[in-house]
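Below is one structure; the comments refer to it alone.
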Amino acid sequence: MSKDRRFRLSLTFLAIFAAGIIWVVGSGEATPRRQTAWAQDGGTPAGQDFGNRRMRRETLYKYTKLMNDISYRIQSNYMDTVDTKSMTYAGIRGMLDVLDPFSVLLERQSYDRLMESTEGKYEGLGMQIDLREDTVTIVAPIEGTPAERVGLHAGDRIIAIDGKQAVGMSTEDAAKLMRGSAGTSVTLTIKRAGLIEPLDYEVERAMIELKSVPFYGMADETNHIGYLRLNKFSQSTNDELHEALTELDNMGATSLIFDLRSNGGGLLDQAVKVSSLFLDNDRLVVYTQGRDPESQRKYFSSNKPMFDKGPLVVLVDGGTASASEIVSGAIQDWDRGIIVGNTTFGKGLVQQIFQLPESDDVALKLTTARYYVPSGRSIQKPSRSTKHPEVDDNGDLVETGPDVDDIFYTNGGRKVYGGGGIVPDVHIEAPTWTPLEINLWRQAKFFNFAVHYTTIHTDIGRDFEVTDQVLNDFEDFLQDQDFEYETETQVQLEKIREQLKDDPEREAIYAKSLASVEGLVDQEKKLELTESEDFLRREIKRSILSQLFGQRGFYEGVVLRDDEYVKRAIEILTQKDEYSRLLATKDPDKG
């Protein structure tokens, strides 16, 4: 029997054996919703609405009185002295806990950080976070920051910060622990979907530059295809995009790849302004709807667009959220361009900041409405609408995909789906990382190798490619660094041994088989190294070009040449028939 066949059979045995010891059961249901066409206004009869409001007022008065009564009795009769401020804030947080994840009490420091996120700089790790279930979750690491360099991912759940339990912690408290002076470090313990064991990342804080447009340039000069990367929506976004689009026009770009991947969103007014750059004047971009039918607000494109005619492809992924979902949804619904990538994050709730006159120390961030794109689709995914959504037996969030029964139509009659997030017109399989790849990033081996390699080789140009010799140098570097990691087989073996340790008879029965599998771990690691060769070449190239030439070197040398999403976008834009076909695919029932 060949070594490879023996290795595969051993893994099969391990999987069957593990399944016999550990049973995992999970389920989830998607609630069917109505079929919907282009958004229409609606309302509630005036008399009925008046009655509902009166009932709400009477109920609020009743329970506010109850809360005041309880507070008074605690202050008057509790056995120890009670801090009124702490008790009041705890009561407020308790009220907010039954709402969505984004309705929170902002203390002064948290409020200042929220304002800071739309302008200026700050010292920290460089990532956008939200509360998912009861755990702070990374929406998107910001490009060029410590969080992105060590390999933190959108969707990673932070379960500990410097050893302090983070499950149940608010985003404000988590951010407070992660912020700090540039040059200091913090250790994050991460739970990543699909992996059994948590991961520890030591991340060095830095000064974070909040720039909206990190790069623009020509993706394909022969076919006049421009590329424009937007990583956030801040107060300067519209101005930065104006400058970038003007320069791309001067470069001769007649079609455009607009990259919104891992863009966690930002300011609503900037989302409307960005959409206005691509849509005809006076087009509906987004509308918000709260509980009151009269609360609906509509936002339209304005001013003369800068790029409203040439072919357009928008790149999205699971980290595309909020304002970037508004832009991609408006472009899709008006048939202005093709959306390529993965279903977006699904963050479509409107928050308002209420200054509280009773206190200068706190403000209330409250969700008041939902975002809807022009076709009538809600951006918000149901799983993100509560602080305590459904999770599976591994602790991972039970996600819902596109709802095939929740049908909407673009302006041109193309069928699109609800269920939260923006579903792309052209789907690309999202990359998955092996334990080897995760640990190389987590332990900053690519970054460290780039520092080491560029110190020795001082004549590297922008046309640098990873040869077999460079790959060998990297493997030698890993050996010198005593790089170690656990494969999935090792993790499973340890769990099985733990299950058997209190049962000596069974442990003896399986000892030989387990030892046989354990003996194949080194072979498994060599196989993983071979199977990850393309990944290794790409990440080595990325790190070395970034080290020498900054983000521009990375975009020009890696993204525009090797990125699968960009390659597919160029393919669509150079094949005019395919671009036209994708935009003209109408549902037969819509004529």
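Naming scheme: A, B, ... for chains in displayed order of the structure tokens; residues 1 onward per chain; ligands 1 onward as shown.
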Exercise for review: Step one, run DSSP on the backbone; step two, keep only residues of range 196-431 of chain A assigned to strand (DSSP E); then write them as an MDAnalysis selection string.
Suggested key: chainID A and resid 199:204 206:209 215:220 225:229 255:259 284:289 297:300 312:316 338:341 349:355 362:372 403:409 415:418 426:427
Each residue of range 551-580 of chain A lying at most 12 Å from range 521-538 of chain A should get a row with its shortest atom-to-atom pair and the distance in Å to one decimal, counting only C-alpha atoms; could you produce that, ordered by chain and increasing number, as CSV?
residue,atom,partner,partner_atom,distance
A:Phe554,CA,A:Arg538,CA,10.4
A:Gly557,CA,A:Arg538,CA,9.9
A:Val558,CA,A:Arg538,CA,7.2
A:Val559,CA,A:Arg538,CA,9.7
A:Arg561,CA,A:Arg538,CA,10.4
A:Asp562,CA,A:Arg538,CA,7.7
A:Asp563,CA,A:Arg538,CA,9.2
A:Glu564,CA,A:Arg538,CA,11.6
Check your understanding: What lies within 9 Å of Ile161 in chain A using only C-alpha atoms, ignoring chain neighbours under 6 positions off, as a ChimeraX atom specification?
Key -> /A:174,177-178,186-189
